[in-house]
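K.L.:
Here you go, one structure.
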Amino acid sequence: MGFNLILWCHHPNLVLSVLVLFSCSFCLFSANDEVGTGEGETFTVSSFRYPATRLRPFDLRYIRVDLPPWFSALSIALNSDVDLDVSRIERVPMSTLPIICFRDGSPPLPDALNTSLKDSATSGINDLDVERCFPMQKNITMKLTNNQISPGVWYIGLFNGIGPTRTQSKMIIRGPSFSFIANISVEACTNSMMRGDFCNSSVYPLSCAESDVSNALEAKMNKSMLESLVTCKSNFEAFCVHEGMPNFFSLDIMNVAEEIIITAANIRFNVSRSNDISLMCFVRHGAMPSVTSNDYNINIAKGPLVIHSPLIGRWYISIVPVNLTKTQDNSVRVCYSVESQVLQCPLGKAGPNCTMDSYLLQTFVRRGSTPFESYYLPVVGGASYDSANFPLEPLLDDSSYSGEPDNIWTYFLLNIPRGAAGGNIHIQLSSDMKISYEVYARFGGLPSLDSWDYYYANKTRRSDPSMFFTLYDSSDNKVNFYIMYAREGTWGIGLRHLNTSSDSMKGLTIMSISLERCPKRCSSHGECKFSFDASGLTSYSFCSCDRNHGGFDCSIEIVTHQGHVRQSIFLIVSNAAAILPAYWALRKKALAEWVLYTSSGISSGLYHACDVGTWCALNYNVLQFMDFWLSFMAVISTFLYLATIDEVLKRAIHTAVAILTALMAATKATRSSNVILVIVIGALGLFIGWLIEISTKYRSLSFSIGISFNFSHCNEL
């Protein structure tokens with residue numbers, strides 16, 4: 001963005017000219033003979049249909065989508081039974097709001113977003129360089145091209161309510177549910193050299209080969225420190241194109257590199273002219289560049305483009321010739337050739353002039369039932385492999401301090417394995433003196449003061465607080481933070497030295513880097529659990545908090561200790577109300593009802609005592625079953641007691657009701673419909689008893705009238 005602003009400030013007319021020419025050139029370029037025979041042809045790389053899935057309150061579901069580097073478009077079709085008016089979204093509580101989120105590289109966490117959810121998914125999908133969330137709708141259909149999103153792994157998250165209470169354990173979960181069906185397909189261009197929205201833009205790959213280090217173009221680079229220099233060129237010696245006609249190139253960076261140098265050589269007109277030539281170069285990582293969407297831009301005719309610490313992956317380059325002098329000669333073309341150089345440092349070195357230390361961290365898998373938990377240790381350096389901690393000072397030799405005092409770094413490289421994007425990177429530093437390091441982290445490359453994803457400098461200078469960067473300790477001698485749901489692939493961790501004096505090196509600094517499932521072990525207020533996305537390819541972890549806490553790490557106190565005590569006392573003591581019906585039944589000598597009321601009160605008190613975490617006399621499920629079953633039986637038995645029917649019928653109805661209520665209590669006892677069903681069963685028993693009583697009285701009355709009539713008739717005879 002900074003390059004764009006600088007270019008706009010210094011050359012506004014040039015940018016406007018390029019914007020007009022660049023947008024108009026796509027129509028001309030699609031009809032150019034150089035496009036090739038594969039224009040507009042695509043094939044399906046993958047197509048998945050996810051069956052109907054119901055999300056209960058506070059449920060979530062992740063869907064992983066893999067986009068290969070040669071993909072052309074991602075098509076998503078979601079059908080749900082959500083009936084939500086986006087224009088009235090402010091009236092819907094966040095705890096019941098169904099939303100859909102998109103994130104590049106790892107599962108989304110909508111609780112971390114502070115943005116509004118007013119936009120619909122179809123209207124706000126154009127900017128997906130960061131996580132975006134939208135209200136769930138009945139039908140969502142979208143098609144995202146390789147000009148909008150970059151290849152790699154994308155995650156779609158569907159949530160039925162968000163907020164701190166999402167992870168809080170609840171005795172009874174009530175709220176609206178919704179179901180969805182998803183169809184996701186990925187298409188790619190048939191011709192591997194084609195890109196663009198319609199596979200109508202040729203992309204020329206730059207073929208690479210090692211060359212002599214002495215040929216490095218960057219004069220400032222200390223060539224004696226370079227391990228290798230890779231020169232990449234197109235198979236075509238020169239390109240001759242009209243003004244405003246873009247050519248696209250691709251360059252693959254397979255490993256951590258120091259810098260990329262992109263140059264244009266042999267720049268000339270195809271006819272004799274004396275005008276100056278401007279070649280605008282736009283570069284973008286992972287997606288096709290344009291005037292408005294690019295990572296770097298420069299007039300490459302005036303000098304090379306140097307990209308320091310480039311990200312691993314595929315880079316796309318667009319070069320557009322611009323001649324600001326108007327001409328009527330349509331035969332005039334600009335000719336040029338493209339070359340790039342990838343400079344790499346020796347093993348164990350990195351940074352400017354390859355003077356900084358770099359260490360590859362080895363993964364040590366922790367034993368246990370939780371997948372992908374591990375810690376990282378440097379391959380060299382005297383660290384104990386039995387512990388996740390390693391000292392920093394033995395890794396810092398004298399060569400590290402040969403540069404500028406305020407620009408000395410030590411780098412660590414680690415890898416997050418495939419399928420572990422639902423884990424969290426945990427970084428800790430502790431020292432017996434004041435810590436003299438700043439920590440920077442970057443995915444896909446080495447961090448610097450200008451390029452980083454997350455960083456911690458001190459208490460006041462750090463990454464914006466969010467759920468993806470969670471700081472727990474921030475003292476002078478201890479730093480402790482998590483990078484939530486880290487992307488799978490290569491991560492670079494950089495330590496910037498703040499003070500390299502001899503006094504600062506006397507202290508011992510211990511560092512640990514690990515991949516953990518739940519941050520801070522759910523703050524000792526919950527249980528760490530894990531699950532898999534809909535495809536089964538990625539595991540993700542989450543905290544299931546207790547009744548009093550919530551949040552992604554169970555650190556948010558939802559119910560205070562005093563409130564918990566009051567709630568516990570009320571829930572447990574309130575069951576003493578069973579004494580009243582039990583005393584009434586005993587006075588009426590209804591011993592069966594007395595036993596039922598007493599047992600129901602006692603079991604309910606024990607169940608709530610266990611539910612609030614006070615004491616569990618039996619297994620939680622057993623106590624829950626006994627509480628609900630005896631409560632159901634107590635309600636229905638009351639109705640049956642009021643019915644004046646024969647005891648034989650009462651025992652038969654009791655037996656049938658006991659079987660039915662046991663099934664209800666054993667299968668989804670907490671559903672609200674059970675209350676209505678129990679009342680209906682009890683009222684039905686009372687109604688049947690009333691019918692039997694009326695029928696019995698009617699037959700007795702008819703029998704008595706018949707006998708009286710017969711006696712009268714006999715007397716007359």
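In the structure tokens, chains take the letters A, B, ... in the order shown, each chain's residues start at 1, and ligands count up from 1 in the order shown.
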If we count only C-alpha atoms, what is near segment 237-250 of chain A at a cut-off of 6 Å, once residues fewer than 5 positions away on the same chain are taken out, given as a list in words?
P.N.:
Leu21, Phe22, Ser25, Val203, Tyr204, Pro205, Trp315, Tyr316, Ile317, Ser318, Ile319, Val320, Pro321, Val322, Arg333, Val334, Cys335, Tyr336 and Ser337 of chain A
K.L.:
Please extract the residues of segment 309-535 of chain A with a backbone DSSP assignment of helix (DSSP H, G or I) and present them as a list in words.
P.N.:
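In segment 309-535 of chain A, DSSP puts these residues in helix (DSSP H, G or I): Pro352, Asn353, Cys354, Glu393, Pro394, Leu395, Asp398, Ser399, Ser400, Tyr401, Pro519, Lys520, Arg521, Cys522, Ser523 and Ser524 of chain A.
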K.L.:
What gap, in Å, lies between atom CA of Cys189 of chain A and atom CA of Thr44 of chain A?
P.N.:
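For atom CA of Cys189 of chain A relative to atom CA of Thr44 of chain A, the distance reads 9.0 Å.
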K.L.:
Could you please determine the separation between atom CA of Asn139 of chain A and atom CA of Asp85 of chain A in Å, to one decimal place?
P.N.:
12.5 Å
K.L.:
Measuring between only C-alpha atoms, which one of A:Trp629, A:Phe48, A:Tyr376, A:Tyr540 shows the shortest distance to Arg487 of chain A?
P.N.:
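Smallest separation from Arg487 of chain A among the options: A:Tyr540.
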K.L.:
Considering only C-alpha atoms, can you say which of A:Arg103, A:Arg462, A:Arg284, A:His525 comes closest to Glu131 of chain A?
P.N.:
A:Arg103
K.L.:
Need the shell around Ile579 of chain A: protein/DNA/RNA residues with any atom at most 8 Å away, counting only C-alpha atoms. Skip same-chain ones fewer than 2 positions apart. Format as a list in words?
P.N.:
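These residues fall inside the cut-off: Ala576, Ala577, Pro581, Ala582, Tyr583, Tyr597, Thr598 and Gly601 of chain A.
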K.L.:
With only C-alpha atoms as the counted atoms, please give the residues lying no more than 10 Å from Gly682 of chain A, apart from itself and same-chain residues fewer than 4 positions off, as a list in words.
P.N.:
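Close residues of Gly682 of chain A: Phe632, Met633, Ala634, Val635, Ile636, Ser637, Thr638, Phe639, Leu640, Val657, Ile676, Leu677, Val678, Leu686, Phe687 and Ile688 of chain A.
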K.L.:
I'd like the neighbourhood of Leu97 of chain A as a PDB file with N, CA, C and O atoms, in the first residue's frame, where a residue qualifies if any of its atoms comes within 8 Å (using only C-alpha atoms), though same-chain residues fewer than 2 positions away should be ignored.
P.N.:
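Output (around_23.pdb):
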```pdb
ATOM      1  N   VAL A  92     -30.853  -8.529  16.250  1.00  0.00           N
ATOM      2  CA  VAL A  92     -30.621  -9.932  16.585  1.00  0.00           C
ATOM      3  C   VAL A  92     -29.446 -10.025  17.548  1.00  0.00           C
ATOM      4  O   VAL A  92     -28.364  -9.518  17.253  1.00  0.00           O
ATOM      5  N   PRO A  93     -29.601 -10.651  18.716  1.00  0.00           N
ATOM      6  CA  PRO A  93     -28.465 -10.805  19.644  1.00  0.00           C
ATOM      7  C   PRO A  93     -27.351 -11.628  19.001  1.00  0.00           C
ATOM      8  O   PRO A  93     -27.618 -12.578  18.253  1.00  0.00           O
ATOM      9  N   MET A  94     -26.107 -11.273  19.301  1.00  0.00           N
ATOM     10  CA  MET A  94     -24.981 -11.999  18.734  1.00  0.00           C
ATOM     11  C   MET A  94     -24.963 -13.451  19.191  1.00  0.00           C
ATOM     12  O   MET A  94     -24.433 -14.322  18.486  1.00  0.00           O
ATOM     13  N   SER A  95     -25.529 -13.733  20.343  1.00  0.00           N
ATOM     14  CA  SER A  95     -25.529 -15.108  20.857  1.00  0.00           C
ATOM     15  C   SER A  95     -26.458 -16.019  20.082  1.00  0.00           C
ATOM     16  O   SER A  95     -26.372 -17.245  20.213  1.00  0.00           O
ATOM     17  N   ILE A  99     -24.011 -16.937  11.425  1.00  0.00           N
ATOM     18  CA  ILE A  99     -23.088 -16.217  10.549  1.00  0.00           C
ATOM     19  C   ILE A  99     -22.237 -17.217   9.783  1.00  0.00           C
ATOM     20  O   ILE A  99     -22.107 -18.389  10.160  1.00  0.00           O
ATOM     21  N   PRO A 135     -23.694 -12.227   7.845  1.00  0.00           N
ATOM     22  CA  PRO A 135     -24.882 -12.920   8.355  1.00  0.00           C
ATOM     23  C   PRO A 135     -25.280 -14.053   7.418  1.00  0.00           C
ATOM     24  O   PRO A 135     -25.213 -13.925   6.194  1.00  0.00           O
ATOM     25  N   ASN A 160     -23.580 -20.799  14.794  1.00  0.00           N
ATOM     26  CA  ASN A 160     -24.926 -20.489  15.266  1.00  0.00           C
ATOM     27  C   ASN A 160     -24.815 -19.758  16.600  1.00  0.00           C
ATOM     28  O   ASN A 160     -25.025 -20.325  17.662  1.00  0.00           O
ATOM     29  N   GLY A 161     -24.434 -18.491  16.496  1.00  0.00           N
ATOM     30  CA  GLY A 161     -24.253 -17.675  17.686  1.00  0.00           C
ATOM     31  C   GLY A 161     -22.790 -17.581  18.080  1.00  0.00           C
ATOM     32  O   GLY A 161     -22.049 -18.567  18.012  1.00  0.00           O
ATOM     33  N   ILE A 162     -22.359 -16.374  18.463  1.00  0.00           N
ATOM     34  CA  ILE A 162     -20.980 -16.144  18.886  1.00  0.00           C
ATOM     35  C   ILE A 162     -21.004 -15.337  20.177  1.00  0.00           C
ATOM     36  O   ILE A 162     -22.049 -14.876  20.627  1.00  0.00           O
TER      37      ILE A 162
END
```
K.L.:
Taking the DSSP secondary structure from the backbone, can you list the residues of segment 490-660 of chain A that are strand (DSSP E or B), as number ranges by chain?
P.N.:
A: 490-497, 509-516, 526-532, 539-545, 549-550, 556-557
